[in-house]
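Have a look at start_8.cif; it's mmCIF, C-alpha atoms:
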data_target
loop_
_atom_site.group_PDB
_atom_site.id
_atom_site.type_symbol
_atom_site.label_atom_id
_atom_site.label_comp_id
_atom_site.auth_asym_id
_atom_site.auth_seq_id
_atom_site.Cartn_x
_atom_site.Cartn_y
_atom_site.Cartn_z
ATOM 1 C CA MET A 8 -18.543 8.305 3.722
ATOM 2 C CA TYR A 9 -18.814 5.994 0.719
ATOM 3 C CA ASP A 10 -18.316 7.573 -2.712
ATOM 4 C CA GLU A 11 -19.058 5.396 -5.753
ATOM 5 C CA LYS A 12 -16.437 7.085 -7.949
ATOM 6 C CA PHE A 13 -13.668 5.556 -5.835
ATOM 7 C CA MET A 14 -15.179 2.071 -6.067
ATOM 8 C CA LYS A 15 -15.401 2.537 -9.837
ATOM 9 C CA ARG A 16 -11.700 3.401 -9.856
ATOM 10 C CA ALA A 17 -10.968 0.270 -7.812
ATOM 11 C CA MET A 18 -12.964 -1.724 -10.391
ATOM 12 C CA GLN A 19 -10.801 -0.300 -13.194
ATOM 13 C CA LEU A 20 -7.656 -1.285 -11.295
ATOM 14 C CA ALA A 21 -9.071 -4.797 -10.829
ATOM 15 C CA PHE A 22 -9.828 -5.026 -14.545
ATOM 16 C CA ASP A 23 -6.275 -3.872 -15.337
ATOM 17 C CA ALA A 24 -4.868 -6.494 -12.949
ATOM 18 C CA ALA A 25 -6.840 -9.209 -14.760
ATOM 19 C CA SER A 26 -5.331 -8.120 -18.059
ATOM 20 C CA SER A 27 -1.923 -8.797 -16.461
ATOM 21 C CA ASP A 28 -3.080 -12.282 -15.437
ATOM 22 C CA GLU A 29 -3.557 -11.256 -11.810
ATOM 23 C CA VAL A 30 -6.634 -12.086 -9.736
ATOM 24 C CA PRO A 31 -8.809 -9.017 -10.399
ATOM 25 C CA VAL A 32 -8.799 -7.094 -7.143
ATOM 26 C CA GLY A 33 -8.355 -3.337 -6.980
ATOM 27 C CA ALA A 34 -7.806 -1.034 -4.003
ATOM 28 C CA VAL A 35 -7.905 2.733 -3.628
ATOM 29 C CA ILE A 36 -6.868 4.736 -0.548
ATOM 30 C CA VAL A 37 -8.528 8.142 -0.196
ATOM 31 C CA LEU A 38 -7.723 11.012 2.161
ATOM 32 C CA ASN A 39 -9.723 14.229 2.178
ATOM 33 C CA GLY A 40 -11.396 13.286 -1.093
ATOM 34 C CA GLU A 41 -8.097 12.660 -2.913
ATOM 35 C CA ILE A 42 -6.646 9.317 -4.005
ATOM 36 C CA ILE A 43 -3.314 8.907 -2.228
ATOM 37 C CA GLY A 44 -2.625 5.289 -3.150
ATOM 38 C CA GLU A 45 -4.054 2.740 -5.560
ATOM 39 C CA SER A 46 -3.190 -0.608 -7.035
ATOM 40 C CA GLY A 47 -4.417 -3.856 -8.444
ATOM 41 C CA ASN A 48 -3.100 -7.217 -7.301
ATOM 42 C CA ARG A 49 0.603 -7.755 -8.047
ATOM 43 C CA LYS A 50 1.258 -11.220 -6.604
ATOM 44 C CA GLU A 51 2.136 -12.855 -9.930
ATOM 45 C CA ARG A 52 4.135 -9.961 -11.368
ATOM 46 C CA ASP A 53 6.112 -9.399 -8.159
ATOM 47 C CA MET A 54 6.267 -13.131 -7.270
ATOM 48 C CA SER A 55 5.138 -12.446 -3.704
ATOM 49 C CA ALA A 56 2.145 -13.691 -1.742
ATOM 50 C CA THR A 57 1.981 -10.363 0.103
ATOM 51 C CA ARG A 58 1.534 -8.126 -2.934
ATOM 52 C CA HIS A 59 -2.237 -7.850 -2.588
ATOM 53 C CA ALA A 60 -3.821 -4.719 -4.053
ATOM 54 C CA GLU A 61 -4.531 -3.379 -0.557
ATOM 55 C CA ILE A 62 -0.942 -3.752 0.674
ATOM 56 C CA VAL A 63 0.522 -2.064 -2.407
ATOM 57 C CA ALA A 64 -2.038 0.765 -2.197
ATOM 58 C CA LEU A 65 -1.212 1.294 1.486
ATOM 59 C CA GLU A 66 2.515 1.418 0.700
ATOM 60 C CA LEU A 67 1.955 4.012 -2.020
ATOM 61 C CA ALA A 68 -0.315 6.069 0.261
ATOM 62 C CA SER A 69 2.338 6.029 2.989
ATOM 63 C CA LYS A 70 5.003 7.172 0.538
ATOM 64 C CA LYS A 71 2.768 9.970 -0.742
ATOM 65 C CA THR A 72 1.916 11.245 2.741
ATOM 66 C CA GLY A 73 5.361 10.555 4.217
ATOM 67 C CA ASN A 74 3.727 8.617 7.040
ATOM 68 C CA TRP A 75 2.516 5.044 7.565
ATOM 69 C CA TRP A 76 -0.124 6.386 9.957
ATOM 70 C CA LEU A 77 -3.049 7.056 7.618
ATOM 71 C CA GLU A 78 -5.553 8.327 10.159
ATOM 72 C CA GLY A 79 -8.700 9.600 8.472
ATOM 73 C CA ALA A 80 -8.069 7.692 5.235
ATOM 74 C CA GLU A 81 -10.693 5.482 3.633
ATOM 75 C CA ALA A 82 -10.131 2.377 1.531
ATOM 76 C CA TYR A 83 -12.195 1.094 -1.382
ATOM 77 C CA VAL A 84 -11.592 -2.521 -2.339
ATOM 78 C CA THR A 85 -13.384 -4.674 -4.897
ATOM 79 C CA LEU A 86 -13.185 -7.810 -2.713
ATOM 80 C CA GLU A 87 -13.528 -8.181 1.039
ATOM 81 C CA PRO A 88 -9.981 -7.881 2.392
ATOM 82 C CA CYS A 89 -8.290 -11.040 3.627
ATOM 83 C CA PRO A 90 -7.118 -11.119 7.275
ATOM 84 C CA MET A 91 -3.608 -9.922 6.295
ATOM 85 C CA CYS A 92 -4.953 -6.885 4.467
ATOM 86 C CA ALA A 93 -7.613 -6.137 7.071
ATOM 87 C CA TYR A 94 -4.938 -6.118 9.761
ATOM 88 C CA ALA A 95 -2.737 -3.876 7.619
ATOM 89 C CA PHE A 96 -5.631 -1.400 7.412
ATOM 90 C CA LEU A 97 -5.979 -1.607 11.190
ATOM 91 C CA LEU A 98 -2.248 -1.029 11.760
ATOM 92 C CA SER A 99 -2.272 1.884 9.322
ATOM 93 C CA ARG A 100 -5.094 3.486 11.335
ATOM 94 C CA VAL A 101 -7.370 3.679 8.295
ATOM 95 C CA LYS A 102 -10.734 5.143 9.277
ATOM 96 C CA ALA A 103 -13.025 3.076 7.034
ATOM 97 C CA VAL A 104 -12.990 0.228 4.526
ATOM 98 C CA TYR A 105 -15.661 -0.153 1.840
ATOM 99 C CA PHE A 106 -15.613 -3.331 -0.209
ATOM 100 C CA GLY A 107 -17.546 -4.841 -3.084
ATOM 101 C CA ALA A 108 -17.844 -8.629 -3.193
ATOM 102 C CA TYR A 109 -17.832 -10.750 -0.070
ATOM 103 C CA ASP A 110 -15.149 -13.442 0.266
ATOM 104 C CA VAL A 111 -16.766 -16.352 2.113
ATOM 105 C CA LYS A 112 -13.596 -18.465 1.855
ATOM 106 C CA ALA A 113 -11.019 -15.985 3.164
ATOM 107 C CA GLY A 114 -12.694 -12.694 4.136
ATOM 108 C CA GLY A 115 -11.241 -10.813 7.073
ATOM 109 C CA CYS A 116 -14.201 -8.445 7.583
ATOM 110 C CA GLY A 117 -16.756 -10.901 8.851
ATOM 111 C CA SER A 118 -17.201 -13.545 6.165
ATOM 112 C CA LYS A 119 -14.564 -15.909 7.599
ATOM 113 C CA ILE A 120 -13.196 -13.956 10.564
ATOM 114 C CA ASN A 121 -13.603 -10.330 11.609
ATOM 115 C CA ILE A 122 -10.392 -8.408 12.209
ATOM 116 C CA PHE A 123 -12.492 -5.243 12.587
ATOM 117 C CA GLU A 124 -14.587 -6.524 15.501
ATOM 118 C CA LYS A 125 -15.144 -3.490 17.748
ATOM 119 C CA GLY A 126 -12.988 -3.432 20.874
ATOM 120 C CA LYS A 127 -10.733 -6.287 19.757
ATOM 121 C CA PHE A 128 -7.712 -4.044 19.134
ATOM 122 C CA ASN A 129 -6.638 -0.536 20.111
ATOM 123 C CA HIS A 130 -8.060 1.021 16.931
ATOM 124 C CA ASN A 131 -11.481 0.561 15.386
ATOM 125 C CA VAL A 132 -12.035 0.538 11.634
ATOM 126 C CA GLU A 133 -15.468 1.249 10.221
ATOM 127 C CA TYR A 134 -16.343 -1.153 7.425
ATOM 128 C CA SER A 135 -19.164 -2.187 5.148
ATOM 129 C CA GLY A 136 -19.488 -4.347 2.089
ATOM 130 C CA GLY A 137 -21.678 -5.092 -0.874
ATOM 131 C CA TYR A 138 -20.894 -1.934 -2.858
ATOM 132 C CA MET A 139 -21.146 -2.681 -6.581
ATOM 133 C CA GLN A 140 -21.183 -6.277 -5.376
ATOM 134 C CA ASP A 141 -22.563 -7.823 -8.566
ATOM 135 C CA GLU A 142 -20.012 -6.093 -10.797
ATOM 136 C CA CYS A 143 -17.107 -6.951 -8.496
ATOM 137 C CA ALA A 144 -18.183 -10.580 -8.137
ATOM 138 C CA ARG A 145 -18.769 -10.935 -11.882
ATOM 139 C CA LEU A 146 -15.243 -9.706 -12.664
ATOM 140 C CA LEU A 147 -13.826 -12.372 -10.347
ATOM 141 C CA SER A 148 -16.076 -15.196 -11.547
ATOM 142 C CA ASN A 149 -15.368 -14.383 -15.202
ATOM 143 C CA PHE A 150 -11.625 -14.388 -14.521
ATOM 144 C CA PHE A 151 -11.719 -17.799 -12.855
ATOM 145 C CA ALA A 152 -14.072 -19.217 -15.500
ATOM 146 C CA GLU A 153 -11.542 -18.195 -18.171
ATOM 147 C CA LYS A 154 -8.735 -19.828 -16.150
ATOM 148 C CA ARG A 155 -10.697 -23.084 -15.879
ATOM 149 C CA ALA A 156 -11.514 -22.974 -19.615
ATOM 150 C CA GLU A 157 -7.803 -22.530 -20.444
ATOM 151 C CA LYS A 158 -6.949 -25.650 -18.438
ATOM 152 C CA ILE A 159 -9.380 -27.858 -20.363
ATOM 153 C CA LYS A 160 -8.532 -26.617 -23.868
ATOM 154 C CA PRO A 161 -6.679 -29.239 -25.903
ATOM 155 C CA LYS A 162 -3.061 -28.291 -26.490
ATOM 156 C CA LYS A 163 -2.033 -27.638 -30.073
ATOM 157 C CA SER A 164 0.773 -29.836 -31.329
#
Reformat the file's structure so that it appears as structure tokens.
Amino acid sequence: MYDEKFMKRAMQLAFDAASSDEVPVGAVIVLNGEIIGESGNRKERDMSATRHAEIVALELASKKTGNWWLEGAEAYVTLEPCPMCAYAFLLSRVKAVYFGAYDVKAGGCGSKINIFEKGKFNHNVEYSGGYMQDECARLLSNFFAEKRAEKIKPKKS
């Protein structure tokens, strides 16, 4: 069941990622009301296309529990997971995914494709989006607006 405090924590992680020049996405994995894994994006810092916030949070949750099988866990993500991350949630047997902003260009939870389509795989993941959608989307749009502004600034000689 959705709990706003975990989405707020994911938002803080996204904000922290932005301050490290990462695309501001945050993910929190919760089991029995306790955060067992959390991260912001780390693609730039770790120089790896796979270091999405969701993947890192899942890895940390697996280390904390001593098991990659995270049955009963819930994920809170500021942006609709991409297909890679959605499938990682499926493989990890996460119970539910709650996300903020929709990703019409690359979303894996229905916006572009739906990894969580019921009956498609041997495990079903509950999912819903639009939680704190405006705040999550604004963080992303502000980040990219700043990036575009940096590109058009004249260079100092």
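The interatomic distance for the pair CA of Arg100 (chain A) and CA of Arg16 (chain A) works out to 22.2 Å.
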Requested in this report: Please evaluate the PyMOL selection byres ((chain A and resi 145-154) around 12) against the displayed coordinates and give the resulting residues as number ranges by chain.
Outcome: A: 17-33, 85-86, 107-110, 139-144, 155-160
Output for the residues just chosen: C-alpha atoms as an mmCIF file, in the frame of the given file:
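part-v5.cif, freshly written:
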data_model
loop_
_atom_site.group_PDB
_atom_site.id
_atom_site.type_symbol
_atom_site.label_atom_id
_atom_site.label_comp_id
_atom_site.auth_asym_id
_atom_site.auth_seq_id
_atom_site.Cartn_x
_atom_site.Cartn_y
_atom_site.Cartn_z
ATOM 1 C CA ALA A 17 -10.968 0.270 -7.812
ATOM 2 C CA MET A 18 -12.964 -1.724 -10.391
ATOM 3 C CA GLN A 19 -10.801 -0.300 -13.194
ATOM 4 C CA LEU A 20 -7.656 -1.285 -11.295
ATOM 5 C CA ALA A 21 -9.071 -4.797 -10.829
ATOM 6 C CA PHE A 22 -9.828 -5.026 -14.545
ATOM 7 C CA ASP A 23 -6.275 -3.872 -15.337
ATOM 8 C CA ALA A 24 -4.868 -6.494 -12.949
ATOM 9 C CA ALA A 25 -6.840 -9.209 -14.760
ATOM 10 C CA SER A 26 -5.331 -8.120 -18.059
ATOM 11 C CA SER A 27 -1.923 -8.797 -16.461
ATOM 12 C CA ASP A 28 -3.080 -12.282 -15.437
ATOM 13 C CA GLU A 29 -3.557 -11.256 -11.810
ATOM 14 C CA VAL A 30 -6.634 -12.086 -9.736
ATOM 15 C CA PRO A 31 -8.809 -9.017 -10.399
ATOM 16 C CA VAL A 32 -8.799 -7.094 -7.143
ATOM 17 C CA GLY A 33 -8.355 -3.337 -6.980
ATOM 18 C CA THR A 85 -13.384 -4.674 -4.897
ATOM 19 C CA LEU A 86 -13.185 -7.810 -2.713
ATOM 20 C CA GLY A 107 -17.546 -4.841 -3.084
ATOM 21 C CA ALA A 108 -17.844 -8.629 -3.193
ATOM 22 C CA TYR A 109 -17.832 -10.750 -0.070
ATOM 23 C CA ASP A 110 -15.149 -13.442 0.266
ATOM 24 C CA MET A 139 -21.146 -2.681 -6.581
ATOM 25 C CA GLN A 140 -21.183 -6.277 -5.376
ATOM 26 C CA ASP A 141 -22.563 -7.823 -8.566
ATOM 27 C CA GLU A 142 -20.012 -6.093 -10.797
ATOM 28 C CA CYS A 143 -17.107 -6.951 -8.496
ATOM 29 C CA ALA A 144 -18.183 -10.580 -8.137
ATOM 30 C CA ARG A 155 -10.697 -23.084 -15.879
ATOM 31 C CA ALA A 156 -11.514 -22.974 -19.615
ATOM 32 C CA GLU A 157 -7.803 -22.530 -20.444
ATOM 33 C CA LYS A 158 -6.949 -25.650 -18.438
ATOM 34 C CA ILE A 159 -9.380 -27.858 -20.363
ATOM 35 C CA LYS A 160 -8.532 -26.617 -23.868
#
Query - Nearby residues (only C-alpha atoms) at most 7 Å from Arg49 (chain A), same-chain spacing under 4 positions excluded, as a list of chain:residue names - result: A:Glu29, A:Asp53, A:Arg58, A:His59, A:Ala60
Query raised in the report: Once the PyMOL selection byres ((chain A and resi 64) around 10) has been applied to the shown file, what residues remain in the selection, as a list in words?
Result: Gly33, Ala34, Val35, Ile36, Ile42, Ile43, Gly44, Glu45, Ser46, Gly47, Asn48, Arg58, His59, Ala60, Glu61, Ile62, Val63, Leu65, Glu66, Leu67, Ala68, Ser69, Lys70 and Ala82 of chain A
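A straight line drawn from CA of Lys119 (chain A) to CA of Gly136 (chain A) is 13.7 Å long.
Distance check against Pro88 (chain A) using only C-alpha atoms: of A:Phe106, A:Phe128, A:Trp76, A:Phe13, the minimum falls on A:Phe106.
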Report task. Could you check how far CA of Ala113 (chain A) sits from CA of His130 (chain A), in Å to one decimal? Result -> 22.1 Å
Find the smallest box with edges along x, y and z containing every listed atom of region 98-116 of chain A, then add 6 Å on each side and report centre and edge lengths in Å to one decimal, as JSON.
{"center_x": -10.0, "center_y": -6.7, "center_z": 4.3, "size_x": 27.6, "size_y": 35.6, "size_z": 27.0}
Query - Who sits within 10 Å of Asn131 (chain A), only C-alpha atoms, same chain under 2 positions skipped, as a VMD selection string - result: chain A and resid 97 100 to 103 122 to 129 133 to 134
Residue subset to file, keeping C-alpha atoms, as a compact mmCIF listing (two decimals), keeping the file's coordinate frame:
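That gives us part-v9.txt:
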# COMPACT_ATOMS: atom_id res chain seq x y z
CA LEU A 97 -5.98 -1.61 11.19
CA ARG A 100 -5.09 3.49 11.34
CA VAL A 101 -7.37 3.68 8.30
CA LYS A 102 -10.73 5.14 9.28
CA ALA A 103 -13.02 3.08 7.03
CA ILE A 122 -10.39 -8.41 12.21
CA PHE A 123 -12.49 -5.24 12.59
CA GLU A 124 -14.59 -6.52 15.50
CA LYS A 125 -15.14 -3.49 17.75
CA GLY A 126 -12.99 -3.43 20.87
CA LYS A 127 -10.73 -6.29 19.76
CA PHE A 128 -7.71 -4.04 19.13
CA ASN A 129 -6.64 -0.54 20.11
CA GLU A 133 -15.47 1.25 10.22
CA TYR A 134 -16.34 -1.15 7.42
**Report entry** Selection dump of the PyMOL selection byres ((chain A and resi 115) around 8), as an NGL selection string
**Finding:** :A and (87-93 or 113-114 or 116-123)
Query - A:Leu98, A:Val37, A:Pro161, A:Ala56 ranked by distance to Thr72 (chain A), top pick (using all atoms listed in the file) - result: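 When distances to Thr72 (chain A) are compared using all atoms listed in the file, the smallest one comes from A:Val37.
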Query raised in the report: Of the residues A:Leu77, A:Val111, A:Val104, A:Val132, which is the one nearest to Asp10 (chain A), using only C-alpha atoms?
Result: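 Closest candidate: A:Val104.
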Query raised in the report: Which residue, A:Lys15, A:Tyr138, A:Arg52, A:Ser99, has the smallest gap to Glu81 (chain A) when you use all atoms listed in the file?
Result: A:Ser99
Step by step: locate region 88-103 of chain A in the block above, keep N, CA and C atoms, then write the file as a PDB file, in the first residue's frame.
ATOM      1  N   PRO A  88       9.749   3.401 -14.187  1.00  0.00           N
ATOM      2  CA  PRO A  88      10.923   2.598 -14.526  1.00  0.00           C
ATOM      3  C   PRO A  88      10.993   2.266 -16.019  1.00  0.00           C
ATOM      4  N   CYS A  89      12.220   2.256 -16.524  1.00  0.00           N
ATOM      5  CA  CYS A  89      12.461   1.846 -17.907  1.00  0.00           C
ATOM      6  C   CYS A  89      12.254   0.327 -17.988  1.00  0.00           C
ATOM      7  N   PRO A  90      12.223  -0.245 -19.188  1.00  0.00           N
ATOM      8  CA  PRO A  90      12.035  -1.697 -19.306  1.00  0.00           C
ATOM      9  C   PRO A  90      13.085  -2.521 -18.546  1.00  0.00           C
ATOM     10  N   MET A  91      14.345  -2.087 -18.539  1.00  0.00           N
ATOM     11  CA  MET A  91      15.386  -2.816 -17.811  1.00  0.00           C
ATOM     12  C   MET A  91      15.059  -2.875 -16.330  1.00  0.00           C
ATOM     13  N   CYS A  92      14.701  -1.747 -15.763  1.00  0.00           N
ATOM     14  CA  CYS A  92      14.420  -1.681 -14.325  1.00  0.00           C
ATOM     15  C   CYS A  92      13.115  -2.382 -13.976  1.00  0.00           C
ATOM     16  N   ALA A  93      12.116  -2.237 -14.837  1.00  0.00           N
ATOM     17  CA  ALA A  93      10.844  -2.928 -14.597  1.00  0.00           C
ATOM     18  C   ALA A  93      11.072  -4.440 -14.578  1.00  0.00           C
ATOM     19  N   TYR A  94      11.870  -4.931 -15.511  1.00  0.00           N
ATOM     20  CA  TYR A  94      12.141  -6.365 -15.546  1.00  0.00           C
ATOM     21  C   TYR A  94      12.964  -6.801 -14.331  1.00  0.00           C
ATOM     22  N   ALA A  95      13.855  -5.955 -13.880  1.00  0.00           N
ATOM     23  CA  ALA A  95      14.618  -6.274 -12.662  1.00  0.00           C
ATOM     24  C   ALA A  95      13.682  -6.385 -11.460  1.00  0.00           C
ATOM     25  N   PHE A  96      12.684  -5.515 -11.377  1.00  0.00           N
ATOM     26  CA  PHE A  96      11.694  -5.629 -10.300  1.00  0.00           C
ATOM     27  C   PHE A  96      10.943  -6.948 -10.424  1.00  0.00           C
ATOM     28  N   LEU A  97      10.578  -7.315 -11.631  1.00  0.00           N
ATOM     29  CA  LEU A  97       9.871  -8.568 -11.875  1.00  0.00           C
ATOM     30  C   LEU A  97      10.732  -9.756 -11.442  1.00  0.00           C
ATOM     31  N   LEU A  98      11.991  -9.777 -11.868  1.00  0.00           N
ATOM     32  CA  LEU A  98      12.889 -10.879 -11.522  1.00  0.00           C
ATOM     33  C   LEU A  98      13.158 -10.966 -10.028  1.00  0.00           C
ATOM     34  N   SER A  99      13.142  -9.819  -9.361  1.00  0.00           N
ATOM     35  CA  SER A  99      13.379  -9.777  -7.919  1.00  0.00           C
ATOM     36  C   SER A  99      12.142 -10.149  -7.115  1.00  0.00           C
ATOM     37  N   ARG A 100      11.033 -10.360  -7.802  1.00  0.00           N
ATOM     38  CA  ARG A 100       9.757 -10.736  -7.182  1.00  0.00           C
ATOM     39  C   ARG A 100       9.187  -9.638  -6.286  1.00  0.00           C
ATOM     40  N   VAL A 101       9.490  -8.377  -6.646  1.00  0.00           N
ATOM     41  CA  VAL A 101       8.926  -7.252  -5.906  1.00  0.00           C
ATOM     42  C   VAL A 101       7.411  -7.322  -6.030  1.00  0.00           C
ATOM     43  N   LYS A 102       6.727  -6.999  -4.962  1.00  0.00           N
ATOM     44  CA  LYS A 102       5.262  -7.064  -4.924  1.00  0.00           C
ATOM     45  C   LYS A 102       4.614  -5.912  -5.682  1.00  0.00           C
ATOM     46  N   ALA A 103       5.122  -4.682  -5.463  1.00  0.00           N
ATOM     47  CA  ALA A 103       4.468  -3.505  -6.042  1.00  0.00           C
ATOM     48  C   ALA A 103       5.482  -2.421  -6.356  1.00  0.00           C
TER      49      ALA A 103
END
